[in-house]
>>> print(open('target30.cif').read())   # mmCIF, C-alpha atoms
data_work
#
loop_
_atom_site.label_atom_id
_atom_site.label_comp_id
_atom_site.auth_asym_id
_atom_site.auth_seq_id
_atom_site.Cartn_x
_atom_site.Cartn_y
_atom_site.Cartn_z
CA MET A 370 -79.64 8.81 5.96
CA PRO A 371 -78.52 11.22 3.30
CA THR A 372 -75.47 10.50 1.23
CA ILE A 373 -74.85 13.62 -0.78
CA VAL A 374 -72.56 13.21 -3.77
CA PHE A 375 -70.98 16.19 -5.53
CA VAL A 376 -70.53 15.51 -9.22
CA SER A 377 -69.18 17.47 -12.11
CA PRO A 378 -67.15 15.90 -14.88
CA LYS A 379 -65.39 19.23 -15.28
CA GLY A 380 -62.68 20.37 -12.93
CA GLY A 381 -62.79 23.74 -11.22
CA ALA A 382 -66.57 23.82 -10.97
CA GLY A 383 -66.43 24.25 -7.21
CA LYS A 384 -67.10 20.68 -6.09
CA THR A 385 -64.59 20.55 -3.28
CA THR A 386 -65.37 24.04 -2.03
CA SER A 387 -69.12 23.53 -2.00
CA ALA A 388 -68.79 20.04 -0.48
CA LEU A 389 -66.60 21.34 2.31
CA VAL A 390 -68.78 24.40 2.89
CA LEU A 391 -71.85 22.18 3.24
CA ALA A 392 -70.03 19.69 5.47
CA GLU A 393 -68.89 22.45 7.80
CA GLN A 394 -72.40 23.84 8.16
CA LEU A 395 -73.89 20.40 8.83
CA ALA A 396 -71.15 19.60 11.33
CA ARG A 397 -72.43 22.43 13.50
CA SER A 398 -75.48 20.30 14.34
CA THR A 399 -74.71 16.70 13.48
CA ASP A 400 -72.06 14.14 12.59
CA VAL A 401 -70.81 14.26 9.04
CA THR A 402 -68.37 12.07 7.15
CA VAL A 403 -66.66 13.61 4.17
CA ILE A 404 -65.32 11.07 1.71
CA ASP A 405 -62.54 12.67 -0.25
CA ALA A 406 -62.55 10.52 -3.38
CA ASP A 407 -60.50 12.96 -5.42
CA PRO A 408 -57.05 11.43 -6.00
CA ASN A 409 -55.53 14.83 -5.22
CA ARG A 410 -57.07 14.53 -1.74
CA PRO A 411 -57.82 18.25 -1.33
CA ILE A 412 -60.03 17.77 1.72
CA GLU A 413 -57.55 15.48 3.44
CA ASN A 414 -54.90 18.15 2.93
CA TRP A 415 -57.24 20.77 4.25
CA ALA A 416 -57.92 18.67 7.36
CA LYS A 417 -54.18 18.47 8.00
CA GLY A 418 -54.45 22.13 9.02
CA GLY A 419 -55.83 20.80 12.28
CA ALA A 420 -58.92 23.03 12.35
CA LYS A 421 -61.44 20.42 11.19
CA PRO A 422 -64.76 20.69 13.08
CA GLU A 423 -65.13 18.08 15.80
CA ARG A 424 -68.18 16.44 14.30
CA MET A 425 -66.63 16.08 10.86
CA THR A 426 -64.75 12.92 9.89
CA VAL A 427 -62.65 12.81 6.74
CA VAL A 428 -62.15 9.53 4.90
CA ALA A 429 -59.47 9.83 2.27
CA ASP A 430 -58.61 6.35 1.08
CA ALA A 431 -61.52 5.91 -1.32
CA ASP A 432 -60.85 4.72 -4.84
CA GLU A 433 -62.91 3.13 -7.58
CA GLU A 434 -62.68 -0.31 -6.02
CA ASN A 435 -63.69 0.58 -2.50
CA VAL A 436 -65.79 3.73 -2.80
CA ILE A 437 -69.07 1.86 -2.41
CA GLU A 438 -67.84 0.16 0.78
CA ARG A 439 -66.48 3.43 2.13
CA ILE A 440 -69.83 5.14 1.58
CA GLU A 441 -71.71 2.21 3.15
CA GLU A 442 -69.47 2.23 6.21
CA ALA A 443 -69.81 5.99 6.60
CA ALA A 444 -73.59 5.93 6.11
CA ALA A 445 -73.93 3.37 8.87
CA ARG A 446 -71.85 5.53 11.21
CA THR A 447 -72.97 9.12 10.67
CA PRO A 448 -76.30 10.65 9.62
CA PHE A 449 -74.70 12.65 6.82
CA VAL A 450 -72.18 11.52 4.26
CA ILE A 451 -70.71 13.90 1.73
CA VAL A 452 -68.71 12.60 -1.19
CA ASP A 453 -66.34 14.81 -3.14
CA LEU A 454 -65.12 13.38 -6.44
CA GLU A 455 -62.51 14.15 -9.01
CA GLY A 456 -63.51 16.44 -11.86
CA THR A 457 -63.37 13.86 -14.61
CA ALA A 458 -65.73 11.48 -16.34
CA ALA A 459 -64.45 8.48 -14.41
CA LYS A 460 -66.12 5.29 -13.32
CA ILE A 461 -65.66 6.14 -9.64
CA VAL A 462 -68.16 8.96 -10.21
CA VAL A 463 -70.84 6.52 -11.32
CA MET A 464 -69.98 4.20 -8.42
CA ALA A 465 -70.50 7.03 -5.94
CA VAL A 466 -73.69 8.21 -7.65
CA SER A 467 -75.07 4.68 -7.28
CA GLN A 468 -74.89 5.16 -3.50
CA ALA A 469 -76.28 8.67 -3.43
CA ASP A 470 -79.49 9.86 -1.86
CA PHE A 471 -78.96 13.25 -3.40
CA VAL A 472 -76.59 14.49 -6.08
CA ILE A 473 -75.39 18.06 -6.28
CA VAL A 474 -73.94 19.22 -9.59
CA PRO A 475 -71.88 22.38 -9.05
CA THR A 476 -71.65 24.39 -12.23
CA GLN A 477 -70.10 27.70 -13.11
CA GLY A 478 -72.00 30.07 -15.31
CA SER A 479 -70.20 29.22 -18.51
CA GLN A 480 -71.29 27.28 -21.53
CA LEU A 481 -68.37 24.86 -21.18
CA ASP A 482 -69.32 24.05 -17.61
CA ALA A 483 -72.96 23.66 -18.45
CA GLU A 484 -72.19 21.21 -21.26
CA GLN A 485 -70.13 19.05 -18.95
CA ALA A 486 -72.84 19.24 -16.31
CA GLY A 487 -75.12 17.71 -18.94
CA ARG A 488 -73.04 14.55 -18.78
CA ALA A 489 -73.64 14.37 -15.06
CA PHE A 490 -77.40 14.70 -15.56
CA ARG A 491 -77.40 11.86 -18.07
CA VAL A 492 -75.58 9.58 -15.64
CA ILE A 493 -78.02 10.43 -12.85
CA GLN A 494 -81.07 10.01 -15.04
CA GLN A 495 -79.93 6.71 -16.49
CA GLN A 496 -79.00 5.41 -13.06
CA GLU A 497 -82.48 6.30 -11.83
CA LYS A 498 -84.18 4.69 -14.79
CA MET A 499 -82.20 1.46 -14.58
CA VAL A 500 -82.68 1.02 -10.85
CA GLN A 501 -86.37 1.74 -11.25
CA ARG A 502 -86.67 -1.39 -13.38
CA ARG A 503 -85.61 -3.40 -10.36
CA VAL A 504 -86.88 -1.17 -7.56
CA PRO A 505 -90.12 0.55 -8.61
CA GLY A 506 -90.46 3.99 -7.08
CA TYR A 507 -86.69 4.50 -6.74
CA ARG A 508 -85.77 8.15 -7.11
CA LEU A 509 -82.37 9.76 -7.40
CA PRO A 510 -82.96 13.46 -6.79
CA TYR A 511 -80.39 15.99 -7.84
CA SER A 512 -79.92 19.69 -8.21
CA VAL A 513 -77.55 22.09 -9.87
CA LEU A 514 -75.62 24.50 -7.69
CA LEU A 515 -74.45 27.57 -9.59
CA THR A 516 -71.02 28.40 -8.24
CA ARG A 517 -68.56 31.26 -8.27
CA THR A 518 -71.29 33.66 -9.24
CA ASN A 519 -71.03 37.37 -8.73
CA SER A 520 -73.23 38.49 -5.85
CA ALA A 521 -73.83 41.89 -7.41
CA ILE A 522 -74.00 41.32 -11.15
CA ARG A 523 -75.88 38.65 -13.05
CA THR A 524 -74.12 37.93 -16.33
CA ARG A 525 -76.16 37.25 -19.43
CA THR A 526 -74.42 33.94 -19.93
CA LEU A 527 -75.39 32.81 -16.44
CA ALA A 528 -78.98 33.94 -16.95
CA HIS A 529 -79.04 32.07 -20.26
CA ILE A 530 -77.66 28.90 -18.70
CA GLU A 531 -80.05 29.01 -15.78
CA LYS A 532 -82.96 29.55 -18.13
CA GLY A 533 -81.80 26.59 -20.21
CA LEU A 534 -81.55 24.35 -17.16
CA VAL A 535 -84.98 25.30 -15.88
CA ALA A 536 -86.48 24.84 -19.35
CA ALA A 537 -84.94 21.35 -19.51
CA GLY A 538 -86.57 20.51 -16.21
CA ILE A 539 -83.25 20.39 -14.35
CA PRO A 540 -83.67 21.44 -10.73
CA VAL A 541 -81.47 24.38 -9.75
CA PHE A 542 -80.83 25.53 -6.18
CA GLU A 543 -82.08 29.02 -5.56
CA THR A 544 -78.96 29.71 -3.54
CA GLU A 545 -75.80 30.23 -5.54
CA LEU A 546 -72.35 29.93 -4.09
CA ASN A 547 -70.86 33.34 -4.77
CA GLU A 548 -67.30 34.03 -5.76
CA ARG A 549 -65.82 35.05 -2.42
CA GLU A 550 -62.33 35.45 -1.08
CA ALA A 551 -63.49 33.58 2.02
CA PHE A 552 -64.25 30.41 0.08
CA ARG A 553 -60.70 30.41 -1.29
CA SER A 554 -59.30 31.25 2.14
CA ILE A 555 -60.74 28.02 3.55
CA PHE A 556 -58.01 26.25 1.62
CA SER A 557 -55.22 28.79 1.90
CA PHE A 558 -55.60 28.96 5.69
CA ARG A 559 -56.70 25.32 5.95
CA LYS A 560 -59.50 26.38 8.24
CA PRO A 561 -63.28 26.17 8.17
CA LEU A 562 -65.20 29.37 7.44
CA ALA A 563 -65.92 29.73 11.14
CA GLY A 564 -62.20 29.60 11.90
CA LEU A 565 -61.20 32.41 9.54
CA ASN A 566 -60.31 35.83 10.84
CA PRO A 567 -62.60 38.61 9.54
CA SER A 568 -59.71 41.06 9.66
CA GLU A 569 -57.79 38.88 7.21
CA VAL A 570 -60.61 37.83 4.91
CA ALA A 571 -62.86 40.30 3.17
CA ASN A 572 -66.63 39.90 3.45
CA LEU A 573 -66.37 36.82 5.62
CA ASP A 574 -69.82 37.46 7.10
CA LYS A 575 -71.35 37.41 3.64
CA ALA A 576 -69.66 34.12 2.82
CA VAL A 577 -70.94 32.61 6.07
CA ALA A 578 -74.47 33.81 5.31
CA ASN A 579 -74.15 32.34 1.82
CA ALA A 580 -72.95 29.01 3.23
CA GLU A 581 -75.79 28.86 5.75
CA GLN A 582 -78.36 29.63 3.12
CA PHE A 583 -76.97 26.91 0.85
CA ALA A 584 -76.99 24.36 3.67
CA GLN A 585 -80.54 25.27 4.64
CA GLU A 586 -81.71 24.79 1.10
CA VAL A 587 -79.98 21.40 0.92
CA ILE A 588 -81.56 20.31 4.21
CA ALA A 589 -84.98 21.40 2.97
CA ALA A 590 -84.47 19.44 -0.24
CA LEU A 591 -83.39 16.35 1.75
CA ARG A 592 -86.41 16.62 4.03
CA LYS A 593 -88.63 16.72 0.96
CA VAL A 594 -86.93 13.57 -0.37
CA GLN A 595 -87.40 11.80 2.96
CA GLN A 596 -91.02 12.80 3.06
CA GLN A 597 -91.64 11.55 -0.48
CA ALA A 598 -89.89 8.29 0.33
CA SER A 599 -91.96 7.70 3.44
CA GLU A 600 -95.16 8.54 1.55
CA ALA A 601 -94.19 6.12 -1.19
CA SER A 602 -93.54 3.33 1.29
CA VAL A 603 -96.90 3.81 3.07
CA MET B 956 -64.58 34.35 14.77
CA ASN B 957 -67.34 33.73 17.29
CA GLU B 958 -69.82 30.99 16.58
CA ARG B 959 -73.23 32.32 15.69
CA VAL B 960 -76.59 30.87 16.54
CA ASN B 961 -76.98 27.61 14.73
CA PRO B 962 -79.45 28.20 11.91
CA PHE B 963 -80.24 24.54 11.30
CA GLY B 964 -81.85 23.55 14.57
CA ASP B 965 -82.39 19.88 15.17
CA LEU B 966 -81.26 17.54 12.43
CA GLY B 967 -82.29 14.49 14.45
CA ASP B 968 -84.69 13.43 11.70
CA PHE B 969 -81.68 12.30 9.70
CA ALA B 970 -80.20 9.05 10.97
CA PRO B 971 -77.44 6.69 9.85
CA ALA B 972 -78.77 4.31 7.21
CA PRO B 973 -78.48 0.59 6.59
CA ALA B 974 -76.57 -0.52 3.49
CA LYS B 975 -78.33 -0.86 0.16
CA PRO B 976 -78.34 -4.12 -1.84
CA LYS B 977 -74.87 -4.07 -3.28
CA ALA B 978 -74.84 -6.59 -6.10
CA GLU B 979 -77.64 -4.88 -8.02
CA ILE B 980 -76.20 -1.42 -7.51
CA LEU B 981 -72.84 -2.51 -8.79
CA GLU B 982 -74.33 -4.12 -11.86
CA VAL B 983 -76.32 -1.01 -12.76
CA ALA B 984 -73.38 1.30 -12.05
CA ASN B 985 -71.15 -0.76 -14.34
CA GLN B 986 -73.65 -0.50 -17.16
CA VAL B 987 -74.21 3.22 -16.68
CA ALA B 988 -70.47 3.91 -16.56
CA GLU B 989 -69.94 2.04 -19.80
CA GLN B 990 -72.85 3.57 -21.68
CA GLN B 991 -72.20 7.14 -20.58
CA GLY B 992 -68.47 7.02 -21.29
CA PHE B 993 -67.20 7.16 -17.71
CA PRO B 994 -64.30 4.69 -17.97
CA SER B 995 -62.21 3.36 -15.15
CA ARG B 996 -59.33 5.66 -14.39
CA GLN B 997 -58.10 3.59 -11.51
CA PRO B 998 -54.35 3.17 -11.95
CA VAL B 999 -53.48 -0.45 -12.60
CA LYS B 1000 -51.01 -1.84 -10.12
CA PRO B 1001 -48.15 -3.38 -12.10
CA ALA B 1002 -44.72 -4.15 -10.74
CA ALA B 1003 -42.97 -0.85 -10.17
CA PRO B 1004 -41.48 0.27 -13.46
CA ASP B 1005 -37.76 0.45 -13.92
CA VAL B 1006 -36.90 4.08 -14.18
CA ALA B 1007 -33.91 4.99 -16.24
CA PRO B 1008 -33.44 8.76 -16.35
CA ALA B 1009 -31.63 10.22 -19.31
CA PRO B 1010 -28.94 12.84 -18.82
CA ALA B 1011 -29.72 14.56 -22.10
CA PRO B 1012 -33.06 14.74 -23.93
CA ALA B 1013 -33.65 11.18 -24.99
CA THR B 1014 -33.38 10.14 -28.57
CA PRO B 1015 -36.84 10.04 -30.10
CA SER B 1016 -36.35 6.47 -31.25
CA ALA B 1017 -39.43 4.40 -30.49
CA PRO B 1018 -38.92 1.78 -27.78
CA GLU B 1019 -39.46 -1.65 -29.32
CA VAL B 1020 -39.70 -4.56 -26.93
CA PRO B 1021 -41.19 -3.03 -23.79
CA ALA B 1022 -43.84 -1.16 -25.77
CA ALA B 1023 -46.09 -4.18 -25.68
CA GLN B 1024 -46.00 -4.20 -21.89
CA ALA B 1025 -46.37 -0.45 -21.49
CA GLN B 1026 -49.72 1.12 -20.77
CA PRO B 1027 -51.62 1.98 -23.93
CA LYS B 1028 -51.26 5.74 -23.74
CA GLU B 1029 -49.49 8.47 -25.60
CA GLN B 1030 -45.84 7.56 -26.02
CA LEU B 1031 -43.38 10.27 -25.17
CA PRO B 1032 -39.63 10.04 -25.68
CA SER B 1033 -38.90 8.95 -22.13
CA ARG B 1034 -36.37 6.61 -20.54
CA ARG B 1035 -39.13 5.18 -18.38
CA ARG B 1036 -39.72 1.50 -19.06
CA MET B 1037 -42.00 -1.20 -17.78
CA THR B 1038 -39.56 -4.07 -17.55
CA GLY B 1039 -40.76 -5.94 -14.50
CA ARG B 1040 -37.54 -5.04 -12.71
CA SER B 1041 -38.75 -3.64 -9.43
CA GLU B 1042 -35.74 -3.62 -7.12
CA GLN B 1043 -33.85 -0.42 -6.65
CA VAL B 1044 -30.08 -0.11 -6.21
CA ASN B 1045 -28.55 3.18 -5.22
CA ILE B 1046 -24.89 3.25 -6.06
CA LYS B 1047 -22.34 5.97 -5.46
CA THR B 1048 -20.00 6.26 -8.38
CA THR B 1049 -17.84 8.80 -10.21
CA PHE B 1050 -19.33 11.27 -12.60
CA ALA B 1051 -17.37 9.68 -15.46
CA ALA B 1052 -18.75 6.21 -14.72
CA LYS B 1053 -22.29 7.55 -14.45
CA LYS B 1054 -21.88 9.41 -17.74
CA ARG B 1055 -20.61 6.26 -19.44
CA LEU B 1056 -23.57 4.30 -18.10
CA MET B 1057 -26.08 6.89 -19.31
CA GLU B 1058 -24.43 7.13 -22.72
CA ILE B 1059 -24.63 3.38 -23.20
CA SER B 1060 -28.26 3.48 -22.13
CA VAL B 1061 -29.15 6.16 -24.66
CA GLU B 1062 -26.99 4.80 -27.49
CA ARG B 1063 -28.20 1.24 -27.16
CA ASP B 1064 -31.70 2.23 -26.08
CA MET B 1065 -31.29 -0.07 -23.13
CA PRO B 1066 -32.71 0.33 -19.62
CA LEU B 1067 -30.12 0.78 -16.87
CA GLY B 1068 -31.29 -2.44 -15.25
CA GLU B 1069 -30.53 -4.39 -18.40
CA ILE B 1070 -27.08 -2.86 -18.70
CA LEU B 1071 -26.33 -3.89 -15.13
CA GLU B 1072 -27.47 -7.45 -15.79
CA GLN B 1073 -25.44 -7.75 -18.98
CA ALA B 1074 -22.40 -6.17 -17.34
CA LEU B 1075 -22.58 -8.67 -14.47
CA GLU B 1076 -22.91 -11.54 -16.90
CA ALA B 1077 -19.91 -10.32 -18.90
CA LEU B 1078 -17.91 -9.89 -15.72
CA GLU B 1079 -18.65 -13.41 -14.54
CA LYS B 1080 -17.87 -14.78 -17.98
CA SER B 1081 -14.51 -13.00 -17.99
CA TRP B 1082 -13.71 -14.51 -14.57
CA LYS B 1083 -14.54 -17.98 -15.77
CA SER B 1084 -12.44 -17.68 -18.91
CA SER B 1085 -9.43 -16.25 -17.04
#
>>> encode(input="target30.cif", output="structure tokens")
Amino acid sequence: MPTIVFVSPKGGAGKTTSALVLAEQLARSTDVTVIDADPNRPIENWAKGGAKPERMTVVADADEENVIERIEEAAARTPFVIVDLEGTAAKIVVMAVSQADFVIVPTQGSQLDAEQAGRAFRVIQQQEKMVQRRVPGYRLPYSVLLTRTNSAIRTRTLAHIEKGLVAAGIPVFETELNEREAFRSIFSFRKPLAGLNPSEVANLDKAVANAEQFAQEVIAALRKVQQQASEASV
Amino acid sequence: MNERVNPFGDLGDFAPAPAKPKAEILEVANQVAEQQGFPSRQPVKPAAPDVAPAPAPATPSAPEVPAAQAQPKEQLPSRRRMTGRSEQVNIKTTFAAKKRLMEISVERDMPLGEILEQALEALEKSWKSS
């Protein structure tokens, strides 16, 4: 069921990395389609490395005109669909959000990132409100994922931003995606985390643990959404 | 690296889903995109533009006629034109002839394709008159 869309109008927030990290973890247990809707096709390029997990399918021909169809097709084929988008305020983002069951907004701990993330929230909230007029009870859940954080030190800016998000009622994942060499190595080696060599990549075990924790939190959030939806329909 | 124990267990409670009603979704998405300032960035698909590279930095004279057809974005001093000419001809020639061609293009602010057309016309005219 779940189509998970990664949105951030700002580039470099960690969309592609977090989308791929989540997809890899899910693909350990189930079939996942990753729709690479970024015109730079980073995930397609990554998959060319030949180490893509067996249960992961990459669709890389999505554009503004066909993204809705691509998501529909994928959602009918595999239980999980993950959509990675370009880091701009483009219409394709809204198109993908319209198909989402859950939106993840990756955000770095900087004021600039947080401001741009605000644009994503407004799109999600307006989408939810407008669909609710037609479909009462429609919900479009979302959550912020703080990315590239330092696992040891919590900066004041990050603490300030997180506090601001929580105060504004914006859901924030407890798990953060830490700044780790391993997450960059996924792309430089064109391999999934599980395919990297611990002798070549520092703290790989910590990155794997981080990825698993993130995926578990996403799954828990999706289960909650499913439960709420089934309660609403009863 | 060895695969560890799968921490997620059974994800069988998540199944592929039927499609959502498309017309309504599209309508809402269009409105949201417009109101929130998320414009279309899909490249339009015009006829392939006629590319006329300049040997030296191009003169900063503003292109007149093709400007109306060009995409409404920041104009840079470039030899790139949208002329509707979409066929490519690769010709081997001497350096001197190429230089002459490029100089005419820059001096007259004329795409290479147009120079070729006019040159052919002039050639045919000269044959007829001779």
>>> residues_around(input="target30.cif", residues="segment 423-426 of chain A", least_positions_apart="6", cutoff="8 Å", atoms="all atoms listed in the file", output="PyMOL selection string")
chain A and resi 392-393+396-397+399-403
>>> residues_around(input="target30.cif", residues="Pro510 of chain A", least_positions_apart="2", cutoff="10 Å", atoms="only C-alpha atoms", output="ChimeraX atom specification")
/A:469-473,493-494,497,507-508,512,540,590-591,594
>>> resolve_selection(input="target30.cif", expression="the PyMOL selection byres ((chain B) within 12 of (chain A))", output="MDAnalysis selection string")
chainID B and resid 956:999
>>> residues_around(input="target30.cif", residues="Glu550 of chain A", least_positions_apart="6", cutoff="10 Å", atoms="only C-alpha atoms", output="list in words")
Val570, Ala571, Asn572, Leu573 and Ala576 of chain A
>>> write_last_selection(input="target30.cif", atoms="C-alpha atoms", output="mmCIF file, keeping the file's coordinate frame")
data_model
loop_
_atom_site.group_PDB
_atom_site.id
_atom_site.type_symbol
_atom_site.label_atom_id
_atom_site.label_comp_id
_atom_site.auth_asym_id
_atom_site.auth_seq_id
_atom_site.Cartn_x
_atom_site.Cartn_y
_atom_site.Cartn_z
ATOM 1 C CA VAL A 570 -60.610 37.830 4.910
ATOM 2 C CA ALA A 571 -62.860 40.300 3.170
ATOM 3 C CA ASN A 572 -66.630 39.900 3.450
ATOM 4 C CA LEU A 573 -66.370 36.820 5.620
ATOM 5 C CA ALA A 576 -69.660 34.120 2.820
#
>>> atom_distance(input="target30.cif", atom1="atom CA of Ala528 of chain A", atom2="atom CA of Ile555 of chain A")
28.1 Å
>>> residues_near_point(input="target30.cif", point="(-59.5, 7.6, 2.6)", cutoff="10 Å", atoms="only C-alpha atoms", output="list in words")
Val403, Ile404, Asp405, Ala406, Asp407, Pro408, Arg410, Glu413, Val427, Val428, Ala429, Asp430, Ala431, Asp432, Asn435, Val436 and Arg439 of chain A
>>> atom_distance(input="target30.cif", atom1="atom CA of Glu1062 of chain B", atom2="atom CA of Ser1084 of chain B")
28.1 Å
>>> axis_aligned_box(input="target30.cif", around="segment 533-542 of chain A", padding_each_side="6 Å", output="lines of an AutoDock Vina configuration file")
center_x = -83.7
center_y = 23.5
center_z = -13.2
size_x = 17.7
size_y = 18.2
size_z = 26.0
>>> residues_around(input="target30.cif", residues="Phe375 of chain A", least_positions_apart="6", cutoff="9 Å", atoms="only C-alpha atoms", output="VMD selection string")
chain A and resid 384 to 385 387 to 388 451 to 454 466 471 to 475
>>> write_last_selection(input="target30.cif", atoms="C-alpha atoms", output="PDB file, in the frame of the given file")
ATOM      1  CA  LYS A 384     -67.100  20.680  -6.090  1.00  0.00           C
ATOM      2  CA  THR A 385     -64.590  20.550  -3.280  1.00  0.00           C
ATOM      3  CA  SER A 387     -69.120  23.530  -2.000  1.00  0.00           C
ATOM      4  CA  ALA A 388     -68.790  20.040  -0.480  1.00  0.00           C
ATOM      5  CA  ILE A 451     -70.710  13.900   1.730  1.00  0.00           C
ATOM      6  CA  VAL A 452     -68.710  12.600  -1.190  1.00  0.00           C
ATOM      7  CA  ASP A 453     -66.340  14.810  -3.140  1.00  0.00           C
ATOM      8  CA  LEU A 454     -65.120  13.380  -6.440  1.00  0.00           C
ATOM      9  CA  VAL A 466     -73.690   8.210  -7.650  1.00  0.00           C
ATOM     10  CA  PHE A 471     -78.960  13.250  -3.400  1.00  0.00           C
ATOM     11  CA  VAL A 472     -76.590  14.490  -6.080  1.00  0.00           C
ATOM     12  CA  ILE A 473     -75.390  18.060  -6.280  1.00  0.00           C
ATOM     13  CA  VAL A 474     -73.940  19.220  -9.590  1.00  0.00           C
ATOM     14  CA  PRO A 475     -71.880  22.380  -9.050  1.00  0.00           C
TER      15      PRO A 475
END
>>> atom_distance(input="target30.cif", atom1="atom CA of Glu455 of chain A", atom2="atom CA of Lys532 of chain A")
27.2 Å
>>> closest_residue(input="target30.cif", among="A:Ala598, A:Ala382, A:Ala537, A:Glu531", to="Leu509 of chain A", atoms="all atoms listed in the file")
A:Ala598
>>> residues_around(input="target30.cif", residues="Ile530 of chain A", least_positions_apart="5", cutoff="12 Å", atoms="all atoms listed in the file", output="list in words")
Thr476, Gln477, Gly478, Ser479, Gln480, Leu481, Asp482, Ala483, Glu484, Ala486, Gly487, Val513, Leu515, Arg523, Thr524, Arg525, Val535, Ala536, Ala537, Ile539 and Val541 of chain A
